[in-house]
Amino acid sequence: MSKFGSDAGANETAKLEVGGKTYDLPVYGGSIGPSVIDVSKLYGDSGYFTYDPGFTSTASCESDITYIDGEKGQLLHRGYPIGQLAEKGNFLETCYLLMNGELPNAEENEEFTRAITYHTMVHEQMQYFLRGFRRDAHPMAIMVGMVGAMSAFYHDSTDITDAEQRMIASRRLIAKVPTIAAMAYTFSIGQPTVYPRNDMTYAENFLNMCFSVPAEEYTVNPVLADAMEKIFILHADHEQNASTSTVRLAGSSGANPFACIAAGIACLWGPSHGGANEAALDMLAEIGTVDRIPEFIARAKDKNDPFRLMGFGHRVYKNYDPRATVMQETCHAVLKTLGIKDDPLLDVAMELERIALSDEYFVSKKLYPNIDFYSGITLKAMGFPKTMFTVLFALARTVGWVAQWNEMVEDPKQRIGRPRQLFTGSPVRDYKELSER
Ligand code: SDX
């Protein structure tokens, strides 16, 4: 029983006057952040729907996992600021926190790390599924297919009413998605699958599966492994974003966890969402040089031009995305380690950010760089092709989707998600014979 939210009962009442009647709507307060007006009974009482395309003012659920204050540019995971988790923690510790609500103690950390490490191999038959793809398939297409296909390989953890099976499926997803992501990458470049290693950390293992070859020893660069950890932590969860909402909606029908996460991967692929890191790098390459920035700034401001600055703006952040700050620092650390002094894309990115942050259009609309603005430059420097950028986002976000999915399944109030509509089509009419059309 929570002392906040709908369990705690209404702490005030909103009054809605419509159609000559007044309706009392309960208001629930959370622990921090905006309160909510409960409209769940409005249609039954009044015959009216609420209307909110894009859900800009709609809370779809109650959650304890992640809190974002868009005005302050604050991101908390179970209360811990993202900057502290990225600076002081590691990814598996963040996974434990998101899944269980607390940072693990030494014993919990050892058990969880061991459980994930020893679940990283995938069923060998998945190799044959992988080989069905064309070599030039986009790795995100492979991810959607392979993660969805996990439903066909791990039947023994698909009963969502069984807490033990939910836990096994959750750990399988966190453990195996990096292996599948690396398989997608090596397959796309015609190299053999590199199997996971149990003597490596989560990030080291992923880099090894991507970049080592059987022909020679491969040593993971510790600075790149640290950067990979930070990038995974920064992307782990983000409240009720589009892909997380997709996972929740798919899960609300009772679909198995592998199918729900595959749905989340499909949604993340879009350029307005997780696909923005790939699109941002394309944009920086298209701009090419600092002297062309004004031309693109003008296009971004032109209402008749669909062009947008990729990696800028956010539905919630109306201040600097706190993840972008850490991402920028990580970007500089990676470039320095790799001895990449003058990456023209970074020069364009830094100058574009400087100009945009002083331009009235962007300032008035509170458009700041988001996490996708610097991630592409960093990942490119690390050796990933841009087609892998959203795959890495999906890899890291798997734990957030899984944590939010578990929270939804365990919520006694959860029901199948089924929005309504404002209908603007034809009223009822009789069938017209062909001769009359
Ligand atoms: C992610 O939700 C999450 O939490 C997502 C995410 C996560 O971790 O899960 O944070 C990850 O998806 C980050 C966002 C990545 N996307 C991009 O970088 C793509 C470029 N950004 C835009 O497409 C846009 O900013 C969105 C999609 C991110 C947000 O769109 P909204 O909230 O619907 O805002 P909007 O489109 O209504 O824009 C408001 C105004 C508009 O102008 P007006 O119609 O009011 O005159 O700002 C303008 C827009 O034209 N605008 C931009 C812009 N983004 C918004 N103008 C130029 N360039 C941009 N990038």
# chains A, B, ... in the order shown; residues from 1 in each chain; ligands from 1
>>> residues_around(residues="Asp282 in chain A", least_positions_apart="4", cutoff="12 Å", atoms="only C-alpha atoms", output="JSON list (two decimals) with C-alpha atoms, in the first residue's frame")
[["chain", "number", "residue", "atom", "x", "y", "z"],
["A", 271, "PRO", "CA", 14.27, 8.79, -35.94],
["A", 275, "GLY", "CA", 16.91, 6.46, -34.17],
["A", 276, "ALA", "CA", 17.89, 10.10, -33.55],
["A", 277, "ASN", "CA", 21.52, 9.19, -32.74],
["A", 278, "GLU", "CA", 21.99, 7.73, -36.21],
["A", 286, "GLU", "CA", 25.43, 16.62, -44.15],
["A", 287, "ILE", "CA", 26.32, 19.98, -42.57],
["A", 288, "GLY", "CA", 29.96, 18.97, -43.02],
["A", 309, "LEU", "CA", 18.02, 19.50, -35.74],
["A", 310, "MET", "CA", 18.42, 15.84, -34.83],
["A", 311, "GLY", "CA", 19.67, 15.39, -31.28],
["A", 345, "LEU", "CA", 31.98, 16.24, -36.84],
["A", 349, "ALA", "CA", 28.57, 19.61, -33.18],
["A", 372, "ASP", "CA", 21.42, 11.53, -28.96],
["A", 373, "PHE", "CA", 23.42, 14.62, -29.91],
["A", 376, "GLY", "CA", 26.78, 9.21, -32.37],
["A", 377, "ILE", "CA", 30.17, 10.94, -32.45],
["A", 380, "LYS", "CA", 31.61, 6.27, -34.31],
["A", 385, "PRO", "CA", 28.97, 1.91, -37.72],
["A", 386, "LYS", "CA", 26.00, 4.30, -37.42],
["A", 387, "THR", "CA", 23.58, 1.44, -38.12],
["A", 389, "PHE", "CA", 23.87, 3.24, -32.73]]
>>> residues_near_ligand(ligand="ligand 1", cutoff="9 Å", atoms="only C-alpha atoms and all ligand atoms", output="ChimeraX atom specification")
/A:54,56,68,234-244,268,270-277,279-280,297,299-303,306-317,321,323,361-362,365-373,393,397
>>> atom_distance(atom1="CA of Leu335 in chain A", atom2="CA of Tyr218 in chain A")
20.1 Å
>>> residues_around(residues="Thr246 in chain A", least_positions_apart="3", cutoff="10 Å", atoms="only C-alpha atoms", output="JSON list (two decimals) with N, CA and C atoms, in the first residue's frame")
[["chain", "number", "residue", "atom", "x", "y", "z"],
["A", 240, "GLN", "N", 8.14, 7.18, -19.07],
["A", 240, "GLN", "CA", 7.16, 6.58, -19.98],
["A", 240, "GLN", "C", 7.35, 7.09, -21.41],
["A", 241, "ASN", "N", 8.59, 6.98, -21.92],
["A", 241, "ASN", "CA", 8.87, 7.38, -23.31],
["A", 241, "ASN", "C", 8.13, 6.47, -24.28],
["A", 242, "ALA", "N", 8.23, 6.78, -25.57],
["A", 242, "ALA", "CA", 7.41, 6.08, -26.57],
["A", 242, "ALA", "C", 7.63, 4.58, -26.55],
["A", 243, "SER", "N", 8.90, 4.14, -26.51],
["A", 243, "SER", "CA", 9.15, 2.69, -26.58],
["A", 243, "SER", "C", 8.76, 2.00, -25.27],
["A", 249, "LEU", "N", 2.05, -1.23, -23.24],
["A", 249, "LEU", "CA", 0.78, -1.48, -23.92],
["A", 249, "LEU", "C", 0.74, -2.92, -24.43],
["A", 250, "ALA", "N", 1.87, -3.37, -25.01],
["A", 250, "ALA", "CA", 1.92, -4.77, -25.48],
["A", 250, "ALA", "C", 1.76, -5.72, -24.29],
["A", 251, "GLY", "N", 2.42, -5.38, -23.18],
["A", 251, "GLY", "CA", 2.33, -6.25, -21.99],
["A", 251, "GLY", "C", 0.95, -6.26, -21.38],
["A", 252, "SER", "N", 0.19, -5.18, -21.56],
["A", 252, "SER", "CA", -1.14, -5.09, -20.92],
["A", 252, "SER", "C", -2.10, -6.12, -21.50],
["A", 260, "CYS", "N", 7.04, -8.41, -26.02],
["A", 260, "CYS", "CA", 6.89, -7.01, -25.59],
["A", 260, "CYS", "C", 8.17, -6.21, -25.81],
["A", 261, "ILE", "N", 9.31, -6.80, -25.49],
["A", 261, "ILE", "CA", 10.59, -6.09, -25.67],
["A", 261, "ILE", "C", 10.87, -5.91, -27.16],
["A", 262, "ALA", "N", 10.50, -6.88, -27.99],
["A", 262, "ALA", "CA", 10.68, -6.74, -29.44],
["A", 262, "ALA", "C", 9.84, -5.56, -29.96],
["A", 263, "ALA", "N", 8.64, -5.39, -29.38],
["A", 263, "ALA", "CA", 7.78, -4.25, -29.76],
["A", 263, "ALA", "C", 8.45, -2.94, -29.37],
["A", 264, "GLY", "N", 9.09, -2.92, -28.20],
["A", 264, "GLY", "CA", 9.81, -1.72, -27.76],
["A", 264, "GLY", "C", 10.97, -1.39, -28.69],
["A", 265, "ILE", "N", 11.69, -2.43, -29.13],
["A", 265, "ILE", "CA", 12.81, -2.21, -30.06],
["A", 265, "ILE", "C", 12.32, -1.61, -31.37],
["A", 266, "ALA", "N", 11.18, -2.12, -31.84],
["A", 266, "ALA", "CA", 10.61, -1.61, -33.09],
["A", 266, "ALA", "C", 10.27, -0.13, -32.95],
["A", 267, "CYS", "N", 9.67, 0.25, -31.83],
["A", 267, "CYS", "CA", 9.31, 1.66, -31.62],
["A", 267, "CYS", "C", 10.56, 2.53, -31.47],
["A", 268, "LEU", "N", 11.55, 2.04, -30.76],
["A", 268, "LEU", "CA", 12.76, 2.84, -30.52],
["A", 268, "LEU", "C", 13.45, 3.21, -31.83],
["A", 401, "TRP", "N", 12.97, -1.27, -20.04],
["A", 401, "TRP", "CA", 11.72, -1.85, -20.51],
["A", 401, "TRP", "C", 11.30, -3.01, -19.62]]
>>> closest_residue(among="A:Ala182, A:Cys331, A:Ala298, A:Leu395", to="Asp359 in chain A", atoms="only C-alpha atoms")
A:Ala298
>>> residues_around(residues="range 88-101 of chain A", least_positions_apart="5", cutoff="7 Å", atoms="only C-alpha atoms", output="ChimeraX atom specification")
/A:65,77-78,109,113,229,232-233,399-400,403
>>> write_last_selection(atoms="C-alpha atoms", output="CSV table (one decimal), in the first residue's frame")
chain,number,residue,atom,x,y,z
A,65,ILE,CA,11.2,3.6,-11.1
A,77,HIS,CA,16.5,6.3,-11.1
A,78,ARG,CA,14.9,5.1,-7.8
A,109,ASN,CA,25.7,-7.7,-6.4
A,113,THR,CA,26.4,-10.3,-11.6
A,229,GLU,CA,29.5,1.3,-19.2
A,232,PHE,CA,24.7,1.9,-21.1
A,233,ILE,CA,23.9,3.6,-17.8
A,399,VAL,CA,16.6,-3.2,-18.6
A,400,GLY,CA,14.4,-0.2,-18.4
A,403,ALA,CA,11.7,-3.1,-15.1
>>> residues_around(residues="range 158-163 of chain A", least_positions_apart="3", cutoff="10 Å", atoms="only C-alpha atoms", output="PDB file with N, CA, C and O atoms, in the first residue's frame")
ATOM      1  N   MET A 150      13.091 -14.952 -29.415  1.00  0.00           N
ATOM      2  CA  MET A 150      13.403 -15.558 -28.106  1.00  0.00           C
ATOM      3  C   MET A 150      12.159 -16.213 -27.512  1.00  0.00           C
ATOM      4  O   MET A 150      12.245 -17.178 -26.757  1.00  0.00           O
ATOM      5  N   SER A 151      10.948 -15.721 -27.926  1.00  0.00           N
ATOM      6  CA  SER A 151       9.708 -16.365 -27.456  1.00  0.00           C
ATOM      7  C   SER A 151       9.674 -17.824 -27.914  1.00  0.00           C
ATOM      8  O   SER A 151       9.077 -18.672 -27.267  1.00  0.00           O
ATOM      9  N   ALA A 152      10.334 -18.096 -29.043  1.00  0.00           N
ATOM     10  CA  ALA A 152      10.299 -19.459 -29.601  1.00  0.00           C
ATOM     11  C   ALA A 152      11.408 -20.331 -29.035  1.00  0.00           C
ATOM     12  O   ALA A 152      11.388 -21.543 -29.193  1.00  0.00           O
ATOM     13  N   TYR A 154      12.706 -19.809 -25.672  1.00  0.00           N
ATOM     14  CA  TYR A 154      12.691 -19.836 -24.203  1.00  0.00           C
ATOM     15  C   TYR A 154      11.246 -19.927 -23.685  1.00  0.00           C
ATOM     16  O   TYR A 154      10.800 -19.108 -22.906  1.00  0.00           O
ATOM     17  N   HIS A 155      10.547 -20.950 -24.181  1.00  0.00           N
ATOM     18  CA  HIS A 155       9.158 -21.174 -23.777  1.00  0.00           C
ATOM     19  C   HIS A 155       9.008 -21.277 -22.258  1.00  0.00           C
ATOM     20  O   HIS A 155       7.987 -20.894 -21.712  1.00  0.00           O
ATOM     21  N   ARG A 166       8.933 -14.793 -14.693  1.00  0.00           N
ATOM     22  CA  ARG A 166       9.157 -13.380 -15.047  1.00  0.00           C
ATOM     23  C   ARG A 166      10.588 -12.977 -14.717  1.00  0.00           C
ATOM     24  O   ARG A 166      11.268 -12.301 -15.488  1.00  0.00           O
ATOM     25  N   MET A 167      11.076 -13.452 -13.573  1.00  0.00           N
ATOM     26  CA  MET A 167      12.454 -13.109 -13.173  1.00  0.00           C
ATOM     27  C   MET A 167      13.460 -13.741 -14.136  1.00  0.00           C
ATOM     28  O   MET A 167      14.418 -13.079 -14.577  1.00  0.00           O
ATOM     29  N   ILE A 168      13.228 -15.006 -14.501  1.00  0.00           N
ATOM     30  CA  ILE A 168      14.149 -15.697 -15.428  1.00  0.00           C
ATOM     31  C   ILE A 168      14.146 -15.007 -16.786  1.00  0.00           C
ATOM     32  O   ILE A 168      15.205 -14.722 -17.364  1.00  0.00           O
ATOM     33  N   ALA A 169      12.963 -14.683 -17.294  1.00  0.00           N
ATOM     34  CA  ALA A 169      12.875 -14.012 -18.599  1.00  0.00           C
ATOM     35  C   ALA A 169      13.566 -12.651 -18.536  1.00  0.00           C
ATOM     36  O   ALA A 169      14.289 -12.268 -19.461  1.00  0.00           O
ATOM     37  N   GLY A 251       2.422  -5.385 -23.177  1.00  0.00           N
ATOM     38  CA  GLY A 251       2.334  -6.250 -21.995  1.00  0.00           C
ATOM     39  C   GLY A 251       0.953  -6.259 -21.377  1.00  0.00           C
ATOM     40  O   GLY A 251       0.533  -7.236 -20.753  1.00  0.00           O
ATOM     41  N   GLY A 254      -1.154  -9.155 -21.993  1.00  0.00           N
ATOM     42  CA  GLY A 254      -0.696 -10.455 -21.505  1.00  0.00           C
ATOM     43  C   GLY A 254       0.337 -11.091 -22.401  1.00  0.00           C
ATOM     44  O   GLY A 254       0.700 -12.249 -22.219  1.00  0.00           O
ATOM     45  N   ALA A 255       0.836 -10.346 -23.389  1.00  0.00           N
ATOM     46  CA  ALA A 255       1.847 -10.897 -24.308  1.00  0.00           C
ATOM     47  C   ALA A 255       3.102 -11.265 -23.513  1.00  0.00           C
ATOM     48  O   ALA A 255       3.377 -10.667 -22.472  1.00  0.00           O
ATOM     49  N   ASN A 256       3.873 -12.239 -24.049  1.00  0.00           N
ATOM     50  CA  ASN A 256       5.054 -12.695 -23.302  1.00  0.00           C
ATOM     51  C   ASN A 256       6.148 -11.634 -23.342  1.00  0.00           C
ATOM     52  O   ASN A 256       6.163 -10.775 -24.238  1.00  0.00           O
ATOM     53  N   PRO A 257       7.082 -11.627 -22.391  1.00  0.00           N
ATOM     54  CA  PRO A 257       8.058 -10.543 -22.261  1.00  0.00           C
ATOM     55  C   PRO A 257       8.935 -10.367 -23.486  1.00  0.00           C
ATOM     56  O   PRO A 257       9.277  -9.237 -23.838  1.00  0.00           O
ATOM     57  N   PHE A 258       9.297 -11.448 -24.166  1.00  0.00           N
ATOM     58  CA  PHE A 258      10.172 -11.324 -25.328  1.00  0.00           C
ATOM     59  C   PHE A 258       9.454 -10.569 -26.460  1.00  0.00           C
ATOM     60  O   PHE A 258      10.028  -9.723 -27.136  1.00  0.00           O
ATOM     61  N   ALA A 259       8.163 -10.871 -26.638  1.00  0.00           N
ATOM     62  CA  ALA A 259       7.374 -10.175 -27.662  1.00  0.00           C
ATOM     63  C   ALA A 259       7.239  -8.691 -27.306  1.00  0.00           C
ATOM     64  O   ALA A 259       7.337  -7.820 -28.169  1.00  0.00           O
ATOM     65  N   ASN A 406       7.711  -5.416 -15.687  1.00  0.00           N
ATOM     66  CA  ASN A 406       7.445  -6.124 -14.431  1.00  0.00           C
ATOM     67  C   ASN A 406       6.541  -5.288 -13.518  1.00  0.00           C
ATOM     68  O   ASN A 406       5.600  -5.814 -12.918  1.00  0.00           O
ATOM     69  N   VAL A 409       2.982  -5.561 -14.833  1.00  0.00           N
ATOM     70  CA  VAL A 409       2.378  -6.886 -14.627  1.00  0.00           C
ATOM     71  C   VAL A 409       2.019  -7.085 -13.159  1.00  0.00           C
ATOM     72  O   VAL A 409       1.014  -7.686 -12.805  1.00  0.00           O
ATOM     73  N   GLU A 410       2.858  -6.541 -12.281  1.00  0.00           N
ATOM     74  CA  GLU A 410       2.626  -6.720 -10.827  1.00  0.00           C
ATOM     75  C   GLU A 410       1.635  -5.701 -10.260  1.00  0.00           C
ATOM     76  O   GLU A 410       1.252  -5.788  -9.093  1.00  0.00           O
TER      77      GLU A 410
END
>>> atom_distance(atom1="CA of Ile293 in chain A", atom2="CA of Val363 in chain A")
16.9 Å
>>> residues_around(residues="Pro26 in chain A", least_positions_apart="6", cutoff="9 Å", atoms="only C-alpha atoms", output="list of chain:residue names")
A:Gly9, A:Ala10, A:Asn11, A:Glu12, A:Thr13, A:Ala14, A:Lys15, A:Val36, A:Ile37, A:Asp38, A:Val39
>>> select_by_dssp(residues="range 155-277 of chain A", states="helix (DSSP H, G or I)", output="ChimeraX atom specification")
/A:155-157,163-188,202-211,222-234,242-252,257-268,276-277
>>> closest_residue(among="A:Phe49, A:Tyr374, A:Phe423, A:Tyr320", to="Gly73 in chain A", atoms="only C-alpha atoms")
A:Tyr320
>>> closest_residue(among="A:Ala86, A:Val177, A:Leu352, A:Ala59", to="Met121 in chain A", atoms="only C-alpha atoms")
A:Val177
>>> closest_residue(among="A:Val144, A:Val122, A:Ala396, A:Ala137", to="Thr179 in chain A", atoms="only C-alpha atoms")
A:Val122
>>> decode(residues="range 293-409 of chain A", atoms="C-alpha atoms", output="mmCIF file, in the first residue's frame")
data_model
loop_
_atom_site.group_PDB
_atom_site.id
_atom_site.type_symbol
_atom_site.label_atom_id
_atom_site.label_comp_id
_atom_site.auth_asym_id
_atom_site.auth_seq_id
_atom_site.Cartn_x
_atom_site.Cartn_y
_atom_site.Cartn_z
ATOM 1 C CA ILE A 293 25.679 25.703 -39.856
ATOM 2 C CA PRO A 294 23.649 28.917 -40.383
ATOM 3 C CA GLU A 295 22.000 27.364 -43.463
ATOM 4 C CA PHE A 296 20.765 24.418 -41.383
ATOM 5 C CA ILE A 297 19.743 26.564 -38.430
ATOM 6 C CA ALA A 298 17.587 28.548 -40.866
ATOM 7 C CA ARG A 299 16.063 25.335 -42.231
ATOM 8 C CA ALA A 300 15.278 24.113 -38.687
ATOM 9 C CA LYS A 301 13.406 27.365 -38.039
ATOM 10 C CA ASP A 302 11.519 27.324 -41.357
ATOM 11 C CA LYS A 303 7.957 26.103 -40.761
ATOM 12 C CA ASN A 304 7.732 25.021 -44.388
ATOM 13 C CA ASP A 305 10.820 22.847 -44.076
ATOM 14 C CA PRO A 306 10.333 19.489 -42.302
ATOM 15 C CA PHE A 307 14.039 19.518 -41.337
ATOM 16 C CA ARG A 308 14.741 19.379 -37.607
ATOM 17 C CA LEU A 309 18.016 19.502 -35.744
ATOM 18 C CA MET A 310 18.422 15.841 -34.833
ATOM 19 C CA GLY A 311 19.667 15.388 -31.285
ATOM 20 C CA PHE A 312 17.924 18.599 -30.203
ATOM 21 C CA GLY A 313 14.682 19.043 -28.303
ATOM 22 C CA HIS A 314 12.746 16.749 -26.032
ATOM 23 C CA ARG A 315 9.137 16.213 -24.995
ATOM 24 C CA VAL A 316 10.016 16.443 -21.323
ATOM 25 C CA TYR A 317 13.376 18.228 -20.961
ATOM 26 C CA LYS A 318 12.952 21.971 -21.315
ATOM 27 C CA ASN A 319 16.486 22.327 -20.013
ATOM 28 C CA TYR A 320 19.746 20.564 -20.792
ATOM 29 C CA ASP A 321 19.297 16.745 -20.870
ATOM 30 C CA PRO A 322 21.497 15.681 -17.916
ATOM 31 C CA ARG A 323 22.526 12.633 -19.912
ATOM 32 C CA ALA A 324 23.864 14.850 -22.710
ATOM 33 C CA THR A 325 26.257 16.466 -20.234
ATOM 34 C CA VAL A 326 27.773 13.119 -19.278
ATOM 35 C CA MET A 327 27.644 11.992 -22.926
ATOM 36 C CA GLN A 328 29.655 15.040 -23.990
ATOM 37 C CA GLU A 329 32.282 14.398 -21.278
ATOM 38 C CA THR A 330 32.483 10.748 -22.324
ATOM 39 C CA CYS A 331 32.817 11.814 -25.948
ATOM 40 C CA HIS A 332 35.847 13.974 -25.168
ATOM 41 C CA ALA A 333 37.420 11.184 -23.051
ATOM 42 C CA VAL A 334 37.028 8.650 -25.867
ATOM 43 C CA LEU A 335 38.407 10.996 -28.540
ATOM 44 C CA LYS A 336 41.369 11.874 -26.302
ATOM 45 C CA THR A 337 42.140 8.220 -25.584
ATOM 46 C CA LEU A 338 41.973 7.352 -29.252
ATOM 47 C CA GLY A 339 44.115 10.352 -30.164
ATOM 48 C CA ILE A 340 41.371 11.801 -32.356
ATOM 49 C CA LYS A 341 42.232 15.463 -32.070
ATOM 50 C CA ASP A 342 40.230 17.231 -34.704
ATOM 51 C CA ASP A 343 37.124 15.276 -35.582
ATOM 52 C CA PRO A 344 35.327 17.651 -37.979
ATOM 53 C CA LEU A 345 31.980 16.239 -36.837
ATOM 54 C CA LEU A 346 32.778 17.203 -33.256
ATOM 55 C CA ASP A 347 33.794 20.697 -34.357
ATOM 56 C CA VAL A 348 30.464 21.040 -36.165
ATOM 57 C CA ALA A 349 28.567 19.611 -33.183
ATOM 58 C CA MET A 350 30.206 21.955 -30.656
ATOM 59 C CA GLU A 351 29.659 25.020 -32.880
ATOM 60 C CA LEU A 352 26.079 23.978 -33.703
ATOM 61 C CA GLU A 353 25.338 23.621 -29.985
ATOM 62 C CA ARG A 354 26.914 27.002 -29.235
ATOM 63 C CA ILE A 355 24.908 28.778 -31.943
ATOM 64 C CA ALA A 356 21.624 26.999 -31.168
ATOM 65 C CA LEU A 357 21.865 27.731 -27.447
ATOM 66 C CA SER A 358 22.156 31.443 -28.184
ATOM 67 C CA ASP A 359 19.512 31.581 -30.919
ATOM 68 C CA GLU A 360 16.150 33.070 -29.903
ATOM 69 C CA TYR A 361 14.175 30.334 -31.724
ATOM 70 C CA PHE A 362 15.818 27.510 -29.788
ATOM 71 C CA VAL A 363 15.924 29.449 -26.520
ATOM 72 C CA SER A 364 12.225 30.381 -26.742
ATOM 73 C CA LYS A 365 11.214 26.792 -27.550
ATOM 74 C CA LYS A 366 13.612 25.451 -24.885
ATOM 75 C CA LEU A 367 15.374 23.207 -27.383
ATOM 76 C CA TYR A 368 18.578 21.789 -25.887
ATOM 77 C CA PRO A 369 20.861 18.948 -26.979
ATOM 78 C CA ASN A 370 19.524 15.586 -25.859
ATOM 79 C CA ILE A 371 21.326 12.320 -25.242
ATOM 80 C CA ASP A 372 21.417 11.534 -28.961
ATOM 81 C CA PHE A 373 23.421 14.622 -29.913
ATOM 82 C CA TYR A 374 26.852 13.436 -28.756
ATOM 83 C CA SER A 375 26.331 9.679 -28.618
ATOM 84 C CA GLY A 376 26.779 9.210 -32.372
ATOM 85 C CA ILE A 377 30.173 10.938 -32.452
ATOM 86 C CA THR A 378 31.319 8.835 -29.490
ATOM 87 C CA LEU A 379 30.117 5.521 -30.882
ATOM 88 C CA LYS A 380 31.605 6.272 -34.314
ATOM 89 C CA ALA A 381 34.962 6.982 -32.647
ATOM 90 C CA MET A 382 34.680 3.678 -30.753
ATOM 91 C CA GLY A 383 34.419 1.868 -34.085
ATOM 92 C CA PHE A 384 30.663 1.238 -34.367
ATOM 93 C CA PRO A 385 28.973 1.912 -37.716
ATOM 94 C CA LYS A 386 26.001 4.303 -37.420
ATOM 95 C CA THR A 387 23.581 1.443 -38.119
ATOM 96 C CA MET A 388 24.592 0.050 -34.707
ATOM 97 C CA PHE A 389 23.869 3.239 -32.726
ATOM 98 C CA THR A 390 20.195 2.494 -32.057
ATOM 99 C CA VAL A 391 21.060 -1.160 -31.419
ATOM 100 C CA LEU A 392 23.262 0.015 -28.533
ATOM 101 C CA PHE A 393 20.424 2.212 -27.302
ATOM 102 C CA ALA A 394 18.083 -0.823 -27.394
ATOM 103 C CA LEU A 395 20.682 -2.980 -25.631
ATOM 104 C CA ALA A 396 20.904 -0.533 -22.733
ATOM 105 C CA ARG A 397 17.181 0.270 -22.620
ATOM 106 C CA THR A 398 16.239 -3.421 -22.346
ATOM 107 C CA VAL A 399 16.625 -3.246 -18.551
ATOM 108 C CA GLY A 400 14.354 -0.188 -18.376
ATOM 109 C CA TRP A 401 11.716 -1.845 -20.515
ATOM 110 C CA VAL A 402 11.960 -5.035 -18.429
ATOM 111 C CA ALA A 403 11.708 -3.146 -15.127
ATOM 112 C CA GLN A 404 8.692 -1.142 -16.322
ATOM 113 C CA TRP A 405 7.065 -4.293 -17.758
ATOM 114 C CA ASN A 406 7.445 -6.124 -14.431
ATOM 115 C CA GLU A 407 6.015 -3.121 -12.565
ATOM 116 C CA MET A 408 2.994 -3.120 -14.872
ATOM 117 C CA VAL A 409 2.378 -6.886 -14.627
#
